[in-house]
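S.K.: Shown below is the structure under consideration.
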Amino acid sequence: MSLLTIENLSIATSQTTLVSGVNLTIAPGERVGLIGESGSGKSLTAMAATGLLAPGITAKGSVILGDTQVIGASERKLNTLRGRVAAFVFQEPLTALDPLMRVDRQIAEPIQRHAPHRLSRDAVHAAVLKLMHDVALPDPERIARAYPHEISGGQRQRIAIAMALACEPQLLIADEPTTALDVTTQAEILALLDRLVRERNMALLFISHDLPVVATIVDRVVVLRHGEIVEAGPIASVFGAPQHDYTKSLVSAAHAFDAALGGTP
Amino acid sequence: MTAIDQITTPARRRSWQSVTLWAGIILVSLHVIVGLLTLVWTPYDPSAMAGGRLEAPSWLHWVGTDRLGRDFLTQIMIGSRIALTVGIGAVAIGAAIGVTLGLLAAFASKFLDDALAAALDILIAFPTLLIAMLVVAASETATLGSAILALGIALSAIVARLTRILAKRVLLMDYITAARTSGTSWLGIVFSHVLPNIWPTLSVSFALQFGLAAIAEASLSYLGLGAPPPNASWGRLLQEAQGTVYTAPIGAIAPGIALVSLVIGINLLADGLRDSIDPTRRAR
Amino acid sequence: MSLLTVEKASFGYSKTRLVLDGASLDISPGDSIGLVGESGSGKTTLLRLLLGLIRPSSGNITFKGAQLDPANAAFMREYRRQVQVVFQDPYSSLDPRQKVFAIVAEPLRSLRIAGDHRQMVTDALVSVGLDANVLDRFPHEFSGGQRQRIAIARAIVSGPSLLLADEAVSALDLSTRIRIVELLKSLSQTMTLVFVSHDLGVVAALCERIVILEKGRIVEAGPTASILANPQHPYTQRLLASVPRMPA
């Protein structure tokens, strides 16, 4: 059975249709990339997967996450899914974290919220440190006491990933998680995500506009344009032999920059 | 060239906007027309006894007469002129001082900016009316001019602080740096970039302050610190009607309605104008 | 003779913490140079020094042999005409309340350049691939790529000899990005280009020379081909290895 099944999803405001007729399934442990440029509806599609659309934006069709129909579900019901079945990592770790809360308390929050029974302070602290260790944060005891602005962008994104992992989700949704980072940091975060997804046997929905980045981490891609899927398939076939003109133009642009860099060093 | 994304204006929003805009235009122009009319014609001589004391509304005196037998409608019409004069005058003075100070602070070195910002915060902590009363008290005789000046100075602190915040936000934009690297002088940057970009928000604030000034002038007059007779300010009418509010309530209700209709009108007008002078809003 | 020379330029808000530390750079006419670095590398500070927006704490910048002095109005007027810039964010770099003509004509107006401004603006717009009929439109009517073309038109309207670009394609979508890179590349045939970016792929596609900055220092500089094929400094090696590649 698949973990996420999106069928004929349409997303619209009262005036315009933003996404239409999107179909997407993700099986447990599968890695899927959602590629699109700004305004393609890629983030909206991901948000709709956990019922996180802003007020005034409505989704139609069917989104089944785990075994729950997300569209039309109550907030209460959705809250049991969020974090536990699917968890998010966003583009900008600085705005995803509360600037006035120390790092350890932010990581502790999802742990406590989803714990079956009340945890002791020591148990929470141990769980926080374990998560920080899992995302390979150096000097976790020091960083745990820091505020978000006191640590680097890469470290903040590791914290955000740790928070997403707190409830051991089956699906990790990463929305442009490396776009705001430096190139060298991006490589580290991609390697980290790759390892975590493999070790924890999670499924991954990776959203990005950057083709080479997507290629390093997923097996299968879906290309969105103006809210519609133009092409979908394994990386090798979509990037190797794109069918749609739009995909062709993206792939050739990516290859042009790649070629300029010469052979792999 | 690729097609430009068209974002259509939701019809409902646009029609609602035009309703508020038109309601504002009608209310304000009513006051303006009445105010201008009083310069050349009033139903009765404002200071003459035109009828009996405290007469109820009738065909001869639509809003009745006051305790001296003067026609009340005449006084309220003159009140429109006074309120508009005070509003326009006070906002003009407040804008001139406030925008200049605000821009100076926004462009100034950090030290001067901090000093100005602190001074403005202290000034704003005092109620507008209190500052105006102090200024009036400092001048020898209470005239219409001193009331306008007083309110203008009181409003300037609010304008200055808003201008400073808005201008600082604009100064962070890349198009300001682009202007500097294009050789545009600081004064040029103020007039071609900063003012046009802060103007929509400022003008809405000016309208709100026009309303504030109209109310504050009524309050000053009510306290006897406003324009002296024969300037029939609504505030003075209210004060005079205070003693007879149970026997002739129209004396308090009529100036009240006049004041409220002007303030609401100017606010509706401001809301409508904001949307129509901002090109980014106009297209959306 | 070199066009622009930077000699041991340093900049810092305090003596102990320099944002840029002893950078030297020699730009010849016709060069296309990529200044590459990550956040905190000092590349943006170096660009601001070149634009005369800040003065170096120590060191020297000369343009055609004359010292760059932001206080010298006559020099700066000529310098601004000769040295123009394109910014990263095409949404922040165009005044939303000005029409395209006013935006592109700003250098002509401010630098009091003689001539038929309408014709000069039209020529600049056409050379960046826009129709002349956009003169009376506002920036919000255009897409990101078109806005960046307008910004480039403003930068070339005064006929500069040196074009600086600050991450000028980083905010654009991939398909738009490649077209703007092609535009800048064609412009670099006729003017000197200094392209500041964190994106090695774009710089490699656009520039003949690369300067790598790390933590305020220039760690490596040289022809693009040799730096890519044979990076010497460990940081350059790490940077190059970090760039994600398309699958073969």
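FYI, nothing fancy with the structure tokens labels: chains A, B, ... in order, residues from 1 per chain, ligands from 1 as they appear.
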Identify every residue of chain A that has at least one atom within 12 Å of any atom of chain B, counting only C-alpha atoms, and report the result as a PDB file with N, CA and C atoms, in the first residue's frame.
M.R.:
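Result went into selection-v9.pdb, see below:
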```pdb
ATOM      1  N   THR A  13      -7.934  29.322  -5.419  1.00  0.00           N
ATOM      2  CA  THR A  13      -8.499  30.386  -4.606  1.00  0.00           C
ATOM      3  C   THR A  13      -9.879  30.668  -5.196  1.00  0.00           C
ATOM      4  N   SER A  14     -10.557  31.662  -4.646  1.00  0.00           N
ATOM      5  CA  SER A  14     -11.888  31.931  -5.189  1.00  0.00           C
ATOM      6  C   SER A  14     -11.803  32.462  -6.619  1.00  0.00           C
ATOM      7  N   GLN A  15     -10.641  32.970  -7.020  1.00  0.00           N
ATOM      8  CA  GLN A  15     -10.529  33.534  -8.361  1.00  0.00           C
ATOM      9  C   GLN A  15      -9.794  32.638  -9.351  1.00  0.00           C
ATOM     10  N   THR A  16      -8.658  32.042  -8.907  1.00  0.00           N
ATOM     11  CA  THR A  16      -7.823  31.330  -9.868  1.00  0.00           C
ATOM     12  C   THR A  16      -7.543  29.898  -9.439  1.00  0.00           C
ATOM     13  N   THR A  17      -7.342  29.071 -10.444  1.00  0.00           N
ATOM     14  CA  THR A  17      -6.910  27.705 -10.191  1.00  0.00           C
ATOM     15  C   THR A  17      -5.393  27.696 -10.150  1.00  0.00           C
ATOM     16  N   GLY A  39       5.840  29.517  -8.963  1.00  0.00           N
ATOM     17  CA  GLY A  39       4.479  29.561  -9.467  1.00  0.00           C
ATOM     18  C   GLY A  39       3.999  28.270 -10.095  1.00  0.00           C
ATOM     19  N   HIS A 226       2.948  25.509 -14.211  1.00  0.00           N
ATOM     20  CA  HIS A 226       1.659  26.195 -14.115  1.00  0.00           C
ATOM     21  C   HIS A 226       0.595  25.314 -13.469  1.00  0.00           C
TER      22      HIS A 226
END
```
S.K.: Please tabulate, as a Markdown table, the residues of chain A that come within 10 Å of chain C, each with its closest pair of atoms and the distance in Å to one decimal, counting only C-alpha atoms and ordering rows by chain, then residue number upward.
M.R.:
```
| residue | atom | partner | partner_atom | distance |
| --- | --- | --- | --- | --- |
| A:Gly36 | CA | C:Asp173 | CA | 9.0 |
| A:Glu37 | CA | C:Asp173 | CA | 5.8 |
| A:Ser38 | CA | C:Asp173 | CA | 6.9 |
| A:Gly153 | CA | C:Ser39 | CA | 10.0 |
| A:Leu181 | CA | C:Ser39 | CA | 8.8 |
| A:Asp182 | CA | C:Glu38 | CA | 5.7 |
| A:Val183 | CA | C:Ser242 | CA | 6.1 |
| A:Thr184 | CA | C:Ser242 | CA | 5.2 |
| A:Thr185 | CA | C:Ser242 | CA | 8.3 |
| A:Gln186 | CA | C:Ser242 | CA | 7.6 |
| A:Ala187 | CA | C:Ser242 | CA | 5.3 |
| A:Glu188 | CA | C:Ser242 | CA | 8.3 |
| A:Leu190 | CA | C:Pro244 | CA | 9.7 |
| A:His209 | CA | C:Asp173 | CA | 7.4 |
| A:Asp210 | CA | C:Leu174 | CA | 7.6 |
| A:Leu211 | CA | C:Met246 | CA | 7.2 |
| A:Pro212 | CA | C:Met246 | CA | 4.6 |
| A:Val213 | CA | C:Pro244 | CA | 5.6 |
| A:Val214 | CA | C:Pro244 | CA | 8.9 |
| A:Ala215 | CA | C:Met246 | CA | 6.5 |
| A:Thr216 | CA | C:Pro244 | CA | 7.0 |
| A:Ile235 | CA | C:Pro247 | CA | 8.3 |
| A:Ala236 | CA | C:Pro247 | CA | 7.5 |
| A:Phe239 | CA | C:Pro247 | CA | 7.7 |
| A:Gly240 | CA | C:Ala248 | CA | 8.0 |
| A:Tyr246 | CA | C:Ser175 | CA | 8.9 |
| A:Thr247 | CA | C:Ser175 | CA | 9.8 |
| A:Ser249 | CA | C:Ser175 | CA | 6.6 |
| A:Leu250 | CA | C:Ser175 | CA | 5.7 |
| A:Val251 | CA | C:Met246 | CA | 8.7 |
| A:Ser252 | CA | C:Ser175 | CA | 9.0 |
| A:Ala253 | CA | C:Ile178 | CA | 6.0 |
| A:Ala254 | CA | C:Met246 | CA | 7.2 |
| A:His255 | CA | C:Met246 | CA | 6.8 |
| A:Ala256 | CA | C:Ala205 | CA | 7.7 |
| A:Phe257 | CA | C:Gly201 | CA | 4.9 |
| A:Asp258 | CA | C:Gly201 | CA | 6.2 |
| A:Ala259 | CA | C:Ala205 | CA | 8.2 |
| A:Ala260 | CA | C:Ala205 | CA | 4.9 |
| A:Leu261 | CA | C:Gly201 | CA | 5.8 |
| A:Gly262 | CA | C:Leu228 | CA | 7.1 |
| A:Gly263 | CA | C:Ala229 | CA | 7.9 |
| A:Thr264 | CA | C:Ala241 | CA | 8.0 |
| A:Pro265 | CA | C:Ala229 | CA | 6.9 |
```
S.K.: Please determine the contact residues of chain C with respect to chain B at a cut-off of 10 Å, counting only C-alpha atoms, and supply them as a PyMOL selection string.
M.R.: chain C and resi 48+51-53+73+76-81+83-99+102-103+105-112+129-131+138-143+145-146+151+154-155+158
S.K.: Quick one: pick out all strand (DSSP E or B) residues within region 31-240 of chain A from a backbone DSSP run and write them as a PyMOL selection string.
M.R.: chain A and resi 31-35+58-65+68-69+82+86-89+171-175+203-208+220-225+228-234
S.K.: Output the selection as a PDB file, in the first residue's frame - C-alpha atoms for each residue.
M.R.:
```
ATOM      1  CA  ARG A  31      12.118   8.992  -2.866  1.00  0.00           C
ATOM      2  CA  VAL A  32      10.273  11.335  -5.163  1.00  0.00           C
ATOM      3  CA  GLY A  33      11.301  14.750  -6.422  1.00  0.00           C
ATOM      4  CA  LEU A  34       8.831  17.494  -7.256  1.00  0.00           C
ATOM      5  CA  ILE A  35      10.415  19.852  -9.765  1.00  0.00           C
ATOM      6  CA  THR A  58      -9.232  25.127  -1.223  1.00  0.00           C
ATOM      7  CA  ALA A  59      -8.223  21.678  -2.424  1.00  0.00           C
ATOM      8  CA  LYS A  60     -10.395  19.260  -4.358  1.00  0.00           C
ATOM      9  CA  GLY A  61      -9.767  15.664  -5.330  1.00  0.00           C
ATOM     10  CA  SER A  62      -8.294  13.039  -3.075  1.00  0.00           C
ATOM     11  CA  VAL A  63      -5.215  13.064  -0.836  1.00  0.00           C
ATOM     12  CA  ILE A  64      -4.746   9.917   1.216  1.00  0.00           C
ATOM     13  CA  LEU A  65      -1.897  10.127   3.712  1.00  0.00           C
ATOM     14  CA  THR A  68      -6.603   9.042   6.137  1.00  0.00           C
ATOM     15  CA  GLN A  69      -8.363  11.197   3.584  1.00  0.00           C
ATOM     16  CA  ARG A  82       1.454  15.854  10.961  1.00  0.00           C
ATOM     17  CA  ALA A  86       4.537  13.160   7.394  1.00  0.00           C
ATOM     18  CA  ALA A  87       6.902  15.894   8.613  1.00  0.00           C
ATOM     19  CA  PHE A  88       8.116  19.057   6.883  1.00  0.00           C
ATOM     20  CA  VAL A  89      11.509  20.688   6.419  1.00  0.00           C
ATOM     21  CA  LEU A 171       7.392  10.478   5.025  1.00  0.00           C
ATOM     22  CA  LEU A 172       9.733  13.465   5.075  1.00  0.00           C
ATOM     23  CA  ILE A 173       8.606  16.403   2.942  1.00  0.00           C
ATOM     24  CA  ALA A 174      11.516  18.738   2.212  1.00  0.00           C
ATOM     25  CA  ASP A 175      10.579  22.001   0.488  1.00  0.00           C
ATOM     26  CA  ALA A 203       9.933   8.017   2.194  1.00  0.00           C
ATOM     27  CA  LEU A 204      11.075  11.401   0.855  1.00  0.00           C
ATOM     28  CA  LEU A 205       9.212  14.048  -1.097  1.00  0.00           C
ATOM     29  CA  PHE A 206      11.876  16.514  -2.173  1.00  0.00           C
ATOM     30  CA  ILE A 207      10.706  19.782  -3.676  1.00  0.00           C
ATOM     31  CA  SER A 208      13.146  21.889  -5.638  1.00  0.00           C
ATOM     32  CA  ARG A 220      11.816   9.457  -9.438  1.00  0.00           C
ATOM     33  CA  VAL A 221      10.699  12.974 -10.400  1.00  0.00           C
ATOM     34  CA  VAL A 222       7.484  14.746 -11.204  1.00  0.00           C
ATOM     35  CA  VAL A 223       7.791  17.956 -13.247  1.00  0.00           C
ATOM     36  CA  LEU A 224       5.175  20.623 -12.579  1.00  0.00           C
ATOM     37  CA  ARG A 225       4.449  23.683 -14.680  1.00  0.00           C
ATOM     38  CA  GLU A 228      -0.025  20.786 -13.997  1.00  0.00           C
ATOM     39  CA  ILE A 229       2.198  17.740 -14.303  1.00  0.00           C
ATOM     40  CA  VAL A 230       4.041  17.842 -17.613  1.00  0.00           C
ATOM     41  CA  GLU A 231       6.240  14.830 -17.128  1.00  0.00           C
ATOM     42  CA  ALA A 232       6.981  12.119 -14.549  1.00  0.00           C
ATOM     43  CA  GLY A 233       9.272   9.127 -14.317  1.00  0.00           C
ATOM     44  CA  PRO A 234      12.608   7.808 -13.077  1.00  0.00           C
TER      45      PRO A 234
END
```
S.K.: Which residues are near Val263 (chain B)? Cut-off 9 Å, only C-alpha atoms, ignore same chain within fewer than 3 positions. Put them as a ChimeraX atom specification.
M.R.: /B:28,207-208,210-212,214-215,258-260,266-268
S.K.: Can I get the selected residues back with all heavy atoms, as a short mmCIF file (atom, residue, chain, number, x, y, z; two decimals), in the first residue's frame?
M.R.:
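File part.cif, as written:
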```
data_model
loop_
_atom_site.label_atom_id
_atom_site.label_comp_id
_atom_site.auth_asym_id
_atom_site.auth_seq_id
_atom_site.Cartn_x
_atom_site.Cartn_y
_atom_site.Cartn_z
N VAL B 28 -17.61 64.11 2.10
CA VAL B 28 -16.64 65.20 2.23
C VAL B 28 -17.04 66.39 1.35
O VAL B 28 -16.98 67.54 1.79
CB VAL B 28 -15.21 64.71 1.89
CG1 VAL B 28 -14.23 65.87 1.85
CG2 VAL B 28 -14.75 63.68 2.91
N ALA B 207 -5.17 61.64 6.10
CA ALA B 207 -6.62 61.68 6.18
C ALA B 207 -7.09 61.34 7.59
O ALA B 207 -7.95 61.99 8.16
CB ALA B 207 -7.23 60.73 5.16
N LEU B 208 -6.44 60.29 8.16
CA LEU B 208 -6.81 59.92 9.52
C LEU B 208 -6.54 61.08 10.47
O LEU B 208 -7.31 61.36 11.38
CB LEU B 208 -6.00 58.69 9.97
CG LEU B 208 -6.29 57.41 9.22
CD1 LEU B 208 -5.32 56.30 9.63
CD2 LEU B 208 -7.72 56.96 9.49
N PHE B 210 -6.47 64.23 9.65
CA PHE B 210 -7.45 65.27 9.39
C PHE B 210 -8.64 65.05 10.32
O PHE B 210 -9.13 65.98 10.98
CB PHE B 210 -7.89 65.19 7.92
CG PHE B 210 -8.81 66.28 7.50
CD1 PHE B 210 -8.35 67.34 6.74
CD2 PHE B 210 -10.16 66.24 7.84
CE1 PHE B 210 -9.20 68.35 6.34
CE2 PHE B 210 -11.01 67.25 7.46
CZ PHE B 210 -10.53 68.30 6.70
N GLY B 211 -9.06 63.78 10.40
CA GLY B 211 -10.17 63.44 11.31
C GLY B 211 -9.80 63.74 12.76
O GLY B 211 -10.58 64.35 13.50
N LEU B 212 -8.57 63.34 13.13
CA LEU B 212 -8.09 63.62 14.49
C LEU B 212 -8.12 65.12 14.79
O LEU B 212 -8.55 65.55 15.86
CB LEU B 212 -6.63 63.15 14.64
CG LEU B 212 -6.35 61.75 15.15
CD1 LEU B 212 -4.84 61.56 15.26
CD2 LEU B 212 -7.00 61.55 16.51
N ALA B 214 -9.91 67.45 13.34
CA ALA B 214 -11.27 67.97 13.42
C ALA B 214 -11.86 67.68 14.81
O ALA B 214 -12.48 68.55 15.43
CB ALA B 214 -12.14 67.33 12.33
N ILE B 215 -11.61 66.47 15.30
CA ILE B 215 -12.11 66.12 16.63
C ILE B 215 -11.39 66.93 17.71
O ILE B 215 -12.01 67.45 18.65
CB ILE B 215 -11.95 64.60 16.88
CG1 ILE B 215 -12.88 63.83 15.94
CG2 ILE B 215 -12.26 64.25 18.34
CD1 ILE B 215 -12.66 62.33 15.96
N ALA B 258 -22.74 66.24 12.45
CA ALA B 258 -21.90 66.95 11.48
C ALA B 258 -20.45 66.50 11.61
O ALA B 258 -19.78 66.16 10.62
CB ALA B 258 -22.02 68.45 11.68
N LEU B 259 -19.94 66.46 12.85
CA LEU B 259 -18.55 66.09 13.10
C LEU B 259 -18.29 64.65 12.66
O LEU B 259 -17.32 64.36 11.94
CB LEU B 259 -18.24 66.26 14.59
CG LEU B 259 -16.83 65.90 15.06
CD1 LEU B 259 -15.80 66.74 14.34
CD2 LEU B 259 -16.70 66.09 16.57
N VAL B 260 -19.18 63.73 13.08
CA VAL B 260 -18.99 62.32 12.75
C VAL B 260 -19.05 62.09 11.25
O VAL B 260 -18.24 61.35 10.69
CB VAL B 260 -20.05 61.46 13.49
CG1 VAL B 260 -20.07 60.05 12.94
CG2 VAL B 260 -19.76 61.45 14.98
N ILE B 266 -14.02 61.39 5.50
CA ILE B 266 -12.62 61.54 5.13
C ILE B 266 -11.88 60.21 5.23
O ILE B 266 -11.00 59.89 4.44
CB ILE B 266 -11.96 62.64 6.02
CG1 ILE B 266 -10.71 63.18 5.34
CG2 ILE B 266 -11.63 62.15 7.39
CD1 ILE B 266 -10.99 64.27 4.40
N ASN B 267 -12.29 59.36 6.18
CA ASN B 267 -11.67 58.04 6.31
C ASN B 267 -12.03 57.14 5.13
O ASN B 267 -11.18 56.42 4.61
CB ASN B 267 -12.09 57.39 7.62
CG ASN B 267 -11.30 57.93 8.79
OD1 ASN B 267 -10.08 58.06 8.71
ND2 ASN B 267 -11.98 58.28 9.86
N LEU B 268 -13.29 57.17 4.72
CA LEU B 268 -13.70 56.36 3.57
C LEU B 268 -12.96 56.82 2.32
O LEU B 268 -12.46 56.02 1.53
CB LEU B 268 -15.22 56.49 3.35
CG LEU B 268 -16.11 55.87 4.41
CD1 LEU B 268 -17.58 56.15 4.11
CD2 LEU B 268 -15.88 54.36 4.48
#
```
S.K.: DSSP on the backbone, then: every residue of region 16-242 of chain B marked helix (DSSP H, G or I), written as a PyMOL selection string.
M.R.: chain B and resi 16-40+72-107+110-125+128-138+144-171+174-181+186-222+234-242
S.K.: Skip Leu44 (chain A) itself and residues of its chain fewer than 2 positions away, then list as a VMD selection string all residues within 8 Å of it, counting only C-alpha atoms.
M.R.: chain A and resid 11 19 41 to 42 46 to 48 53
S.K.: Now that the selection is made, can you save its residues with N, CA and C atoms as an mmCIF file, in the first residue's frame?
M.R.:
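Full text of again22.cif as output:
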```cif
data_model
loop_
_atom_site.group_PDB
_atom_site.id
_atom_site.type_symbol
_atom_site.label_atom_id
_atom_site.label_comp_id
_atom_site.auth_asym_id
_atom_site.auth_seq_id
_atom_site.Cartn_x
_atom_site.Cartn_y
_atom_site.Cartn_z
ATOM 1 N N ILE A 11 -6.148 22.716 -6.690
ATOM 2 C CA ILE A 11 -6.061 23.707 -5.628
ATOM 3 C C ILE A 11 -6.412 25.061 -6.241
ATOM 4 N N VAL A 19 -3.457 24.747 -9.010
ATOM 5 C CA VAL A 19 -2.975 23.404 -9.317
ATOM 6 C C VAL A 19 -4.165 22.644 -9.858
ATOM 7 N N GLY A 41 3.292 25.569 -8.466
ATOM 8 C CA GLY A 41 2.367 24.882 -7.575
ATOM 9 C C GLY A 41 3.001 23.724 -6.823
ATOM 10 N N LYS A 42 4.334 23.630 -6.891
ATOM 11 C CA LYS A 42 4.979 22.481 -6.252
ATOM 12 C C LYS A 42 4.865 22.519 -4.729
ATOM 13 N N ALA A 46 2.603 20.058 -2.009
ATOM 14 C CA ALA A 46 3.169 19.435 -0.812
ATOM 15 C C ALA A 46 2.394 19.841 0.438
ATOM 16 N N MET A 47 2.021 21.123 0.504
ATOM 17 C CA MET A 47 1.265 21.589 1.659
ATOM 18 C C MET A 47 -0.090 20.874 1.731
ATOM 19 N N ALA A 48 -0.707 20.682 0.554
ATOM 20 C CA ALA A 48 -2.016 20.028 0.517
ATOM 21 C C ALA A 48 -1.934 18.591 1.028
ATOM 22 N N LEU A 53 -2.912 24.048 3.727
ATOM 23 C CA LEU A 53 -3.174 25.189 2.852
ATOM 24 C C LEU A 53 -3.677 26.388 3.654
#
```
S.K.: So how far away is CA of Gly94 (chain B) from CA of Ile153 (chain B), in Å?
M.R.: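 These atoms are spaced 5.7 Å apart.
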S.K.: Rounded to one decimal place, report the CA of Ile33 (chain C)-CA of Leu20 (chain C) distance in Å.
M.R.: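 For CA of Ile33 (chain C) relative to CA of Leu20 (chain C), the distance reads 18.1 Å.
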S.K.: Rounded to one decimal, what separation in Å do you get between CA of Phe72 (chain B) and CA of Ala254 (chain B)?
M.R.: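 Answer for the CA of Phe72 (chain B) to CA of Ala254 (chain B) separation: 8.8 Å.
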S.K.: Considering only C-alpha atoms, return as a PyMOL selection string whatever protein or nucleic-acid residues lie within 12 Å of region 158-161 of chain B, sequence-local ones (same chain, fewer than 2 positions apart) excluded.
M.R.: chain B and resi 90-106+113-114+116-128+151-156+163-168+198-199+201-210+212
S.K.: Can I get the selection written as a compact mmCIF listing (two decimals), in the first residue's frame, with C-alpha atoms?
M.R.:
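Saved result, selection-v8.txt, follows:
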```txt
# COMPACT_ATOMS: atom_id res chain seq x y z
CA ALA B 90 -3.23 71.38 10.83
CA VAL B 91 -2.45 68.49 8.47
CA ALA B 92 -0.49 70.82 6.16
CA ILE B 93 1.63 72.09 9.06
CA GLY B 94 1.94 68.61 10.55
CA ALA B 95 2.96 67.16 7.18
CA ALA B 96 5.49 69.90 6.41
CA ILE B 97 7.25 69.60 9.77
CA GLY B 98 6.70 65.87 10.19
CA VAL B 99 7.81 64.67 6.75
CA THR B 100 10.92 66.86 6.88
CA LEU B 101 11.91 65.62 10.34
CA GLY B 102 11.09 62.01 9.46
CA LEU B 103 13.20 62.09 6.29
CA LEU B 104 16.08 63.75 8.15
CA ALA B 105 16.00 61.00 10.74
CA ALA B 106 15.81 58.27 8.09
CA ASP B 113 18.53 59.11 14.10
CA ASP B 114 18.42 57.55 17.56
CA LEU B 116 15.36 62.09 16.88
CA ALA B 117 13.51 58.80 17.25
CA ALA B 118 13.66 59.05 21.04
CA ALA B 119 12.46 62.66 20.99
CA LEU B 120 9.54 61.71 18.74
CA ASP B 121 8.60 58.78 20.95
CA ILE B 122 8.48 61.11 23.96
CA LEU B 123 6.36 63.64 22.06
CA ILE B 124 3.96 60.97 20.88
CA ALA B 125 3.55 59.71 24.43
CA PHE B 126 1.73 63.00 25.18
CA PRO B 127 -1.86 63.06 23.92
CA THR B 128 -2.33 65.23 20.84
CA LEU B 151 -2.78 70.92 16.27
CA GLY B 152 -0.27 70.97 13.41
CA ILE B 153 2.66 70.79 15.82
CA ALA B 154 0.97 68.05 17.80
CA LEU B 155 0.35 65.99 14.64
CA SER B 156 3.86 66.53 13.27
CA THR B 163 7.72 58.96 7.71
CA ARG B 164 10.93 57.80 9.36
CA ILE B 165 9.80 54.16 9.50
CA LEU B 166 8.43 54.14 5.94
CA ALA B 167 11.47 55.91 4.50
CA LYS B 168 13.89 53.57 6.26
CA ILE B 198 5.78 56.31 0.98
CA TRP B 199 3.07 58.64 -0.33
CA THR B 201 0.60 55.22 3.18
CA LEU B 202 1.33 58.79 4.24
CA SER B 203 -1.74 60.19 2.51
CA VAL B 204 -3.97 57.67 4.27
CA SER B 205 -2.36 58.73 7.53
CA PHE B 206 -2.94 62.40 6.66
CA ALA B 207 -6.62 61.68 6.18
CA LEU B 208 -6.81 59.92 9.52
CA GLN B 209 -5.08 62.90 11.10
CA PHE B 210 -7.45 65.27 9.39
CA LEU B 212 -8.09 63.62 14.49
```
